[in-house]
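What follows is protein-v9.txt (compact mmCIF, C-alpha atoms).
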# COMPACT_ATOMS: atom_id res chain seq x y z
CA MET T 1 14.63 -26.34 -20.54
CA PRO T 2 16.27 -25.02 -23.73
CA SER T 3 15.45 -21.38 -24.30
CA THR T 4 13.77 -20.28 -27.48
CA LEU T 5 13.04 -16.78 -26.24
CA PRO T 6 13.70 -13.94 -28.69
CA PRO T 7 17.21 -12.42 -28.50
CA MET T 8 17.51 -9.61 -26.00
CA ARG T 9 17.20 -6.07 -27.33
CA SER T 10 15.83 -7.35 -30.64
CA ALA T 11 12.58 -6.14 -32.16
CA HIS T 12 10.98 -9.42 -31.03
CA ASP T 13 12.01 -9.04 -27.39
CA LEU T 14 8.51 -8.02 -26.32
CA GLU T 15 9.12 -8.86 -22.67
CA ARG T 16 11.31 -5.75 -22.52
CA ILE T 17 8.31 -3.58 -23.47
CA LEU T 18 5.58 -5.50 -21.67
CA GLU T 19 7.31 -5.29 -18.29
CA PHE T 20 6.08 -1.70 -17.96
CA GLU T 21 2.47 -2.82 -18.46
CA PHE T 22 2.86 -5.22 -15.53
CA VAL T 23 3.96 -2.39 -13.25
CA ARG T 24 1.04 -0.26 -14.46
CA ALA T 25 -1.21 -3.05 -13.19
CA THR T 26 0.31 -2.99 -9.68
CA GLU T 27 0.22 0.83 -9.65
CA ASN T 28 -3.47 0.85 -10.52
CA ALA T 29 -4.21 -1.84 -7.93
CA ALA T 30 -2.47 0.26 -5.27
CA LEU T 31 -4.39 3.38 -6.33
CA GLN T 32 -7.67 1.52 -5.87
CA ALA T 33 -6.66 -0.21 -2.63
CA ILE T 34 -5.32 2.81 -0.76
CA HIS T 35 -8.84 4.21 -0.36
CA TRP T 36 -9.64 1.16 1.82
CA LEU T 37 -6.75 1.77 4.23
CA GLY T 38 -7.90 1.22 7.80
CA ARG T 39 -11.56 0.71 6.90
CA GLY T 40 -11.74 -2.91 8.08
CA GLU T 41 -13.02 -4.19 4.73
CA LYS T 42 -10.23 -6.37 3.40
CA GLU T 43 -12.42 -8.25 0.90
CA LEU T 44 -13.68 -5.01 -0.64
CA ALA T 45 -10.10 -3.75 -0.85
CA ASP T 46 -9.02 -7.00 -2.53
CA GLY T 47 -11.91 -6.77 -4.96
CA ALA T 48 -11.00 -3.20 -5.93
CA ALA T 49 -7.36 -4.18 -6.54
CA CYS T 50 -8.38 -7.22 -8.60
CA SER T 51 -10.66 -5.08 -10.78
CA ALA T 52 -7.78 -2.71 -11.52
CA ILE T 53 -5.44 -5.56 -12.50
CA TYR T 54 -8.08 -7.11 -14.75
CA GLY T 55 -8.58 -3.70 -16.34
CA VAL T 56 -4.95 -3.50 -17.47
CA PHE T 57 -4.74 -7.08 -18.73
CA ASP T 58 -8.04 -6.91 -20.60
CA ILE T 59 -6.37 -4.63 -23.18
CA LEU T 60 -2.87 -6.19 -23.10
CA ASP T 61 -1.75 -8.31 -26.07
CA ILE T 62 -0.41 -11.38 -24.31
CA ARG T 63 -1.52 -14.94 -23.63
CA GLY T 64 -1.21 -15.02 -19.88
CA GLU T 65 -2.18 -17.93 -17.65
CA VAL T 66 -2.43 -17.52 -13.89
CA VAL T 67 -0.28 -20.20 -12.28
CA ILE T 68 -0.29 -18.66 -8.81
CA GLY T 69 -3.39 -16.76 -7.79
CA GLU T 70 -4.74 -15.53 -4.48
CA GLY T 71 -7.87 -16.05 -2.47
CA ILE T 72 -7.22 -19.80 -2.16
CA LYS T 73 -6.81 -20.03 1.62
CA ASP T 74 -9.74 -17.88 2.73
CA ASN T 75 -12.19 -17.82 -0.21
CA ALA T 76 -11.55 -14.10 -0.62
CA PRO T 77 -12.13 -12.25 -3.90
CA GLY T 78 -9.22 -12.97 -6.16
CA ILE T 79 -7.69 -13.82 -9.51
CA PHE T 80 -7.48 -17.58 -9.50
CA VAL T 81 -5.24 -20.32 -10.84
CA GLY T 82 -6.06 -21.22 -14.43
CA GLU T 83 -7.58 -17.87 -15.39
CA HIS T 84 -6.54 -16.34 -18.70
CA LEU T 85 -5.25 -12.76 -18.70
CA GLY T 86 -4.64 -10.68 -21.80
CA THR T 87 -6.29 -10.67 -25.21
CA TRP T 88 -4.97 -14.12 -26.19
CA ARG T 89 -4.53 -13.07 -29.81
CA ASP T 90 -2.70 -15.59 -32.00
CA GLY T 91 1.03 -15.03 -32.05
CA THR T 92 1.19 -12.95 -28.87
CA PRO T 93 3.78 -14.01 -26.25
CA ARG T 94 2.83 -16.61 -23.65
CA PHE T 95 3.36 -15.90 -19.96
CA ASN T 96 2.87 -17.73 -16.71
CA ILE T 97 1.67 -15.20 -14.15
CA ALA T 98 1.74 -15.18 -10.36
CA LEU T 99 0.07 -12.35 -8.52
CA ASP T 100 -1.29 -11.05 -5.27
CA PRO T 101 -3.34 -7.88 -5.77
CA ILE T 102 -2.76 -7.06 -2.08
CA ASP T 103 -0.11 -8.91 -0.13
CA GLY T 104 -0.98 -7.87 3.42
CA THR T 105 -4.75 -7.41 3.20
CA SER T 106 -5.18 -7.68 6.98
CA ASN T 107 -2.59 -4.96 7.51
CA LEU T 108 -4.28 -2.72 4.96
CA SER T 109 -7.70 -3.19 6.54
CA LYS T 110 -6.28 -2.22 9.94
CA GLY T 111 -4.30 0.77 8.64
CA LEU T 112 -0.99 -0.96 9.38
CA PRO T 113 2.28 -0.98 7.38
CA ASN T 114 3.54 -3.74 5.08
CA SER T 115 1.04 -4.08 2.23
CA ILE T 116 2.01 -4.17 -1.44
CA SER T 117 0.49 -5.10 -4.78
CA VAL T 118 2.70 -7.61 -6.59
CA ILE T 119 2.90 -9.47 -9.90
CA ALA T 120 5.50 -11.89 -11.20
CA ALA T 121 5.64 -13.35 -14.69
CA ALA T 122 7.80 -15.63 -16.79
CA GLN T 123 7.66 -15.80 -20.58
CA ILE T 124 7.18 -19.37 -21.81
CA PRO T 125 9.63 -20.37 -24.55
CA ASP T 126 8.21 -21.83 -27.77
CA GLY T 127 7.46 -25.50 -27.28
CA ALA T 128 7.68 -25.44 -23.48
CA PRO T 129 4.61 -26.29 -21.39
CA SER T 130 5.24 -23.77 -18.61
CA ALA T 131 7.86 -21.66 -16.85
CA MET T 132 6.50 -21.48 -13.28
CA LYS T 133 5.82 -24.19 -10.75
CA ASN T 134 2.53 -24.39 -8.90
CA LEU T 135 2.54 -25.90 -5.40
CA PRO T 136 -0.67 -27.59 -4.19
CA SER T 137 -0.07 -26.84 -0.49
CA PHE T 138 -1.49 -23.74 1.19
CA TYR T 139 1.77 -23.15 3.06
CA SER T 140 5.49 -23.78 2.64
CA HIS T 141 8.50 -23.70 4.95
CA LYS T 142 10.82 -21.07 3.47
CA ILE T 143 14.30 -19.68 4.06
CA ALA T 144 15.38 -16.84 1.77
CA TYR T 145 18.85 -15.28 1.54
CA GLY T 146 20.98 -13.07 -0.66
CA PRO T 147 23.59 -13.67 -3.40
CA ALA T 148 26.59 -13.89 -1.03
CA VAL T 149 24.97 -16.68 1.00
CA ARG T 150 23.94 -18.46 -2.19
CA LYS T 151 27.53 -18.37 -3.44
CA ALA T 152 28.83 -19.67 -0.11
CA LEU T 153 26.35 -22.55 -0.18
CA GLU T 154 27.36 -23.51 -3.71
CA GLY T 155 30.98 -23.62 -2.59
CA ARG T 156 30.27 -25.80 0.44
CA GLY T 157 28.10 -28.63 -0.81
CA ASP T 158 24.78 -26.80 -1.07
CA ARG T 159 23.52 -27.66 2.41
CA CYS T 160 19.82 -27.81 3.26
CA PHE T 161 19.01 -25.00 5.69
CA LEU T 162 15.52 -26.35 6.31
CA ASP T 163 16.92 -29.43 8.07
CA MET T 164 19.53 -27.56 10.11
CA PRO T 165 19.06 -26.00 13.58
CA MET T 166 18.69 -22.22 13.31
CA LYS T 167 21.90 -21.74 15.28
CA GLU T 168 23.86 -23.52 12.54
CA VAL T 169 22.04 -21.60 9.80
CA ILE T 170 22.78 -18.27 11.46
CA SER T 171 26.42 -19.22 11.99
CA PHE T 172 26.74 -20.13 8.29
CA VAL T 173 25.06 -16.91 7.13
CA ALA T 174 27.19 -14.76 9.44
CA GLU T 175 30.38 -16.31 8.07
CA ALA T 176 29.20 -15.92 4.46
CA LEU T 177 28.44 -12.22 5.02
CA GLY T 178 31.54 -11.49 7.10
CA LYS T 179 29.43 -10.48 10.11
CA ARG T 180 29.14 -11.44 13.74
CA GLU T 181 26.06 -13.49 14.61
CA ARG T 182 24.76 -10.74 16.87
CA ASP T 183 24.89 -8.29 13.95
CA LEU T 184 22.58 -10.36 11.74
CA VAL T 185 18.93 -9.37 11.25
CA VAL T 186 16.48 -12.24 10.82
CA VAL T 187 12.86 -11.69 9.79
CA THR T 188 9.91 -13.98 10.46
CA MET T 189 6.15 -13.57 10.66
CA ASP T 190 4.55 -13.07 14.05
CA ARG T 191 2.70 -16.39 14.26
CA PRO T 192 2.30 -18.98 17.07
CA ARG T 193 3.70 -21.64 14.72
CA HIS T 194 7.00 -19.76 14.66
CA GLN T 195 7.62 -19.84 18.42
CA ASP T 196 10.44 -22.38 18.11
CA ILE T 197 12.11 -20.33 15.36
CA ILE T 198 11.82 -17.18 17.48
CA GLU T 199 13.40 -18.83 20.50
CA GLN T 200 16.24 -20.31 18.45
CA VAL T 201 17.05 -16.99 16.78
CA ARG T 202 17.02 -15.14 20.09
CA SER T 203 19.35 -17.72 21.64
CA THR T 204 22.04 -16.84 19.07
CA GLY T 205 21.97 -13.12 19.90
CA ALA T 206 20.93 -12.20 16.35
CA ALA T 207 18.39 -9.40 15.94
CA LEU T 208 14.86 -10.57 15.23
CA ARG T 209 12.30 -8.54 13.32
CA MET T 210 8.72 -9.86 13.22
CA VAL T 211 6.16 -8.78 10.65
CA THR T 212 2.44 -9.26 11.12
CA ASP T 213 1.61 -9.97 7.48
CA GLY T 214 3.04 -9.85 3.97
CA ASP T 215 6.06 -12.13 3.71
CA ILE T 216 6.90 -11.44 0.05
CA ALA T 217 8.70 -8.19 0.90
CA ALA T 218 10.43 -9.90 3.83
CA ALA T 219 11.69 -12.78 1.66
CA VAL T 220 12.98 -10.42 -1.05
CA ALA T 221 14.67 -7.97 1.34
CA PRO T 222 17.92 -9.98 1.99
CA SER T 223 18.70 -9.99 -1.75
CA MET T 224 18.20 -6.28 -2.41
CA PRO T 225 21.27 -4.19 -3.34
CA GLU T 226 20.97 -2.43 0.04
CA PRO T 227 19.42 -5.16 2.21
CA THR T 228 17.47 -4.27 5.34
CA CYS T 229 17.82 -7.81 6.74
CA ASP T 230 20.02 -10.86 6.21
CA LEU T 231 17.67 -13.83 6.36
CA TYR T 232 13.97 -14.60 6.13
CA VAL T 233 12.57 -17.80 7.65
CA GLY T 234 9.08 -19.09 8.33
CA MET T 235 6.06 -21.09 7.27
CA GLY T 236 4.08 -18.83 4.98
CA GLY T 237 1.87 -19.01 1.92
CA SER T 238 3.06 -21.13 -1.00
CA PRO T 239 1.78 -18.57 -3.58
CA GLU T 240 3.84 -15.88 -1.85
CA GLY T 241 6.86 -18.18 -2.09
CA ILE T 242 6.60 -18.37 -5.89
CA LEU T 243 6.18 -14.59 -6.15
CA ALA T 244 9.27 -14.03 -4.02
CA ALA T 245 11.20 -16.61 -6.07
CA ALA T 246 10.69 -14.54 -9.24
CA ALA T 247 12.24 -11.50 -7.53
CA LEU T 248 15.12 -13.58 -6.17
CA LYS T 249 15.83 -14.91 -9.66
CA CYS T 250 16.17 -11.31 -10.87
CA LEU T 251 18.39 -10.33 -7.92
CA GLY T 252 20.66 -13.39 -7.79
CA GLY T 253 19.44 -14.51 -4.37
CA ASP T 254 17.91 -17.85 -3.52
CA MET T 255 15.32 -19.61 -1.41
CA GLN T 256 14.87 -23.08 -0.01
CA LEU T 257 11.21 -24.07 0.05
CA ARG T 258 9.35 -27.22 1.06
CA MET T 259 5.61 -27.76 1.37
CA TRP T 260 4.34 -27.45 4.95
CA PHE T 261 0.97 -28.54 6.28
CA HIS T 262 -1.06 -26.90 9.00
CA ASN T 263 -3.18 -30.01 9.55
CA ASP T 264 -3.24 -33.72 8.67
CA ALA T 265 -6.32 -33.40 6.47
CA HIS T 266 -4.63 -30.98 4.06
CA LYS T 267 -1.45 -33.09 4.02
CA ALA T 268 -3.50 -36.16 3.06
CA GLU T 269 -5.25 -34.14 0.34
CA VAL T 270 -1.94 -33.03 -1.19
CA ALA T 271 -0.34 -36.48 -0.74
CA ALA T 272 -3.08 -37.92 -2.96
CA GLN T 273 -2.00 -35.54 -5.76
CA VAL T 274 1.81 -35.83 -5.67
CA SER T 275 4.50 -38.45 -5.07
CA ALA T 276 6.17 -38.92 -1.69
CA GLU T 277 9.35 -37.48 -3.19
CA GLU T 278 7.57 -34.32 -4.33
CA LEU T 279 5.81 -34.00 -0.98
CA ASN T 280 9.17 -33.67 0.81
CA LYS T 281 11.17 -32.00 -1.96
CA VAL T 282 13.23 -28.90 -1.18
CA SER T 283 12.94 -26.55 -4.16
CA ARG T 284 15.22 -23.66 -5.12
CA VAL T 285 14.51 -20.57 -7.18
CA ASP T 286 15.64 -22.08 -10.49
CA GLU T 287 13.25 -25.00 -9.98
CA LEU T 288 10.33 -22.74 -9.11
CA ILE T 289 10.93 -20.33 -12.02
CA VAL T 290 12.32 -22.41 -14.89
CA GLY T 291 14.39 -20.92 -17.70
CA GLU T 292 15.78 -17.43 -18.34
CA SER T 293 12.68 -15.28 -18.04
CA ALA T 294 11.40 -13.69 -14.86
CA LEU T 295 9.71 -10.36 -14.23
CA PHE T 296 8.82 -9.03 -10.81
CA CYS T 297 7.03 -5.81 -10.01
CA ALA T 298 5.43 -4.42 -6.89
CA THR T 299 3.87 -1.14 -5.78
CA GLY T 300 3.67 -0.06 -2.17
CA ILE T 301 0.22 0.46 -0.67
CA SER T 302 1.20 1.03 2.95
CA ASP T 303 4.86 1.41 3.97
CA SER T 304 6.96 -1.78 3.90
CA PRO T 305 10.69 -2.63 4.08
CA LEU T 306 10.59 -3.03 0.29
CA LEU T 307 8.66 0.09 -0.74
CA PRO T 308 7.11 3.27 0.65
CA GLY T 309 3.32 3.28 0.56
CA CYS T 310 0.97 5.56 -1.38
CA ARG T 311 0.88 9.24 -0.41
CA LEU T 312 -2.28 11.24 -1.05
CA PHE T 313 -2.05 14.98 -1.75
CA GLY T 314 -5.52 16.25 -2.62
CA HIS T 315 -6.28 15.04 -6.14
CA ARG T 316 -2.78 13.54 -6.58
CA VAL T 317 -1.34 10.22 -5.38
CA GLU T 318 2.38 9.47 -5.17
CA THR T 319 3.38 5.82 -5.70
CA HIS T 320 6.65 3.93 -5.38
CA SER T 321 7.22 0.74 -7.38
CA ILE T 322 10.01 -1.68 -8.12
CA LEU T 323 10.46 -3.49 -11.44
CA MET T 324 13.00 -6.26 -12.07
CA ARG T 325 13.92 -8.40 -15.07
CA SER T 326 16.11 -11.48 -14.76
CA ARG T 327 17.48 -11.57 -18.32
CA SER T 328 19.04 -8.11 -18.00
CA GLY T 329 19.49 -8.05 -14.21
CA THR T 330 18.00 -4.55 -14.19
CA VAL T 331 16.25 -3.32 -11.06
CA ARG T 332 14.21 -0.15 -11.53
CA ARG T 333 12.65 1.97 -8.82
CA ILE T 334 9.76 3.99 -10.18
CA HIS T 335 8.50 7.08 -8.39
CA ALA T 336 5.27 8.31 -9.97
CA VAL T 337 2.73 11.03 -9.26
CA HIS T 338 -0.80 10.36 -10.53
CA ASP T 339 -3.26 13.17 -11.15
CA LEU T 340 -6.62 11.60 -10.33
CA ASP T 341 -8.51 14.38 -12.13
CA ARG T 342 -6.98 13.26 -15.42
CA LYS T 343 -5.84 9.69 -14.93
CA VAL T 344 -8.12 6.91 -16.18
CA VAL T 345 -7.75 3.64 -14.29
CA PRO T 346 -9.33 0.92 -16.43
CA LEU T 347 -11.49 -1.35 -14.29
CA ARG T 348 -13.38 -4.55 -14.91
CA ALA T 349 -16.85 -3.91 -13.50
Let me see the file written as structure tokens.
Amino acid sequence: MPSTLPPMRSAHDLERILEFEFVRATENAALQAIHWLGRGEKELADGAACSAIYGVFDILDIRGEVVIGEGIKDNAPGIFVGEHLGTWRDGTPRFNIALDPIDGTSNLSKGLPNSISVIAAAQIPDGAPSAMKNLPSFYSHKIAYGPAVRKALEGRGDRCFLDMPMKEVISFVAEALGKRERDLVVVTMDRPRHQDIIEQVRSTGAALRMVTDGDIAAAVAPSMPEPTCDLYVGMGGSPEGILAAAALKCLGGDMQLRMWFHNDAHKAEVAAQVSAEELNKVSRVDELIVGESALFCATGISDSPLLPGCRLFGHRVETHSILMRSRSGTVRRIHAVHDLDRKVVPLRA
């Protein structure tokens, strides 16, 4: 897709300014959600986070369309696909938006680690229909890895990890990173459907780290400048896959993703919407987020490998966020202290 985005660092490069509004939205969502930590009310927590995100976008001059929303799998409160965010004034920049007000709602409701608020966006060039892909399946089979593994794959025929035994994948990754197999750290979600993956990883001697919820942070972690793991693999939410893809585009990492179906009924439903080729297609980051633009921001709610969670000190709350932009390659870590006696968090009632 030819880019007609404004030149970087020009007066018309509004993405450079707007990126900070996106991180304000995840900060405010985290500030609202943290009060529900451990209270067993994940839908109320999700609703509070959604209200905070709406509150920021209701006064933001963009034309944003939600391409990836949440609440699809479990009918939870959410910001849904097709919704318009922003003022939609004529002439304002167009964005595709993917978001999860709380990735890891179950963890948050139980007072457990690994919950974040996350938004990804891509500015749509003039004349282009969209910049983000939407997958109709609830789940996808995903393998995510960092820039060194991506480079090694490009130099060796771009092999499909999803069709390889885990032993071969781990051997390839170890060689690409200059490590022994037993020194690799592989992350997957703790789910019965991953039992075969777990057994295969353990048979190689590689370290295995299982997370109970929230696979966006796990998929992004191998591509971070100081990675806490080397590989993420598993069958997780398709919306979370698109969110992670935006971060990987900013970081230079990659992901292989193919739709996965938890039952025959859902597979038949999706098969009626797409071609057989699309049903079995393995997508990479540059196919999921098309063009130059990608923004990714997240704020920690409870501690995760990606970000520390919120810390409450009386009337103050300390937050940690990450903000990335693909066009510049900049990765910012934002440590903020919010005075709740003075701060106004705009909410949509």
Select, counting only C-alpha atoms, all protein, DNA and RNA residues no farther than 9 Å from (-5.9, -6.4, -10.7) in file coordinates, and express the selection as an mmCIF file with C-alpha atoms, keeping the file's coordinate frame.
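Now in out21.cif:
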data_model
loop_
_atom_site.group_PDB
_atom_site.id
_atom_site.type_symbol
_atom_site.label_atom_id
_atom_site.label_comp_id
_atom_site.auth_asym_id
_atom_site.auth_seq_id
_atom_site.Cartn_x
_atom_site.Cartn_y
_atom_site.Cartn_z
ATOM 1 C CA ALA T 25 -1.210 -3.050 -13.190
ATOM 2 C CA THR T 26 0.310 -2.990 -9.680
ATOM 3 C CA ASN T 28 -3.470 0.850 -10.520
ATOM 4 C CA ALA T 29 -4.210 -1.840 -7.930
ATOM 5 C CA ASP T 46 -9.020 -7.000 -2.530
ATOM 6 C CA GLY T 47 -11.910 -6.770 -4.960
ATOM 7 C CA ALA T 48 -11.000 -3.200 -5.930
ATOM 8 C CA ALA T 49 -7.360 -4.180 -6.540
ATOM 9 C CA CYS T 50 -8.380 -7.220 -8.600
ATOM 10 C CA SER T 51 -10.660 -5.080 -10.780
ATOM 11 C CA ALA T 52 -7.780 -2.710 -11.520
ATOM 12 C CA ILE T 53 -5.440 -5.560 -12.500
ATOM 13 C CA TYR T 54 -8.080 -7.110 -14.750
ATOM 14 C CA GLY T 55 -8.580 -3.700 -16.340
ATOM 15 C CA VAL T 56 -4.950 -3.500 -17.470
ATOM 16 C CA PHE T 57 -4.740 -7.080 -18.730
ATOM 17 C CA GLY T 78 -9.220 -12.970 -6.160
ATOM 18 C CA ILE T 79 -7.690 -13.820 -9.510
ATOM 19 C CA LEU T 99 0.070 -12.350 -8.520
ATOM 20 C CA ASP T 100 -1.290 -11.050 -5.270
ATOM 21 C CA PRO T 101 -3.340 -7.880 -5.770
ATOM 22 C CA SER T 117 0.490 -5.100 -4.780
ATOM 23 C CA LEU T 347 -11.490 -1.350 -14.290
ATOM 24 C CA ARG T 348 -13.380 -4.550 -14.910
#
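Here CA of Pro346 (chain T) stands at a distance of 11.5 Å from CA of Leu31 (chain T).
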Shell of 8 Å around region 143-148 of chain T, all atoms listed in the file, local chain residues under 4 positions omitted, as a VMD selection string: chain T and resid 152 161 to 162 176 to 177 219 to 220 222 to 224 230 to 234 251 to 257
Distance criterion (all atoms listed in the file): nearest to Ala244 (chain T) out of T:Asp103, T:Glu27, T:Asp196, T:Glu181: T:Asp103
Between CA of His194 (chain T) and CA of Ile116 (chain T), distance in Å (one decimal):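 Those two atoms sit 23.0 Å apart.
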Given all atoms listed in the file as the counted atoms, nearest of T:Leu208, T:Asp286, T:Tyr139, T:Glu175 to Met235 (chain T):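 Among the listed residues, T:Tyr139 lies closest to Met235 (chain T).
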Residue contacts of Thr299 (chain T) (12 Å, only C-alpha atoms) excluding same-chain residues fewer than 6 positions away, as JSON, numbers by chain: {"T": [22, 23, 24, 25, 26, 27, 28, 29, 30, 31, 32, 33, 34, 49, 100, 101, 102, 103, 114, 115, 116, 117, 118, 119, 217, 306, 307, 308, 309, 310, 318, 319, 320, 321, 322, 323, 332, 333, 334, 335, 336]}
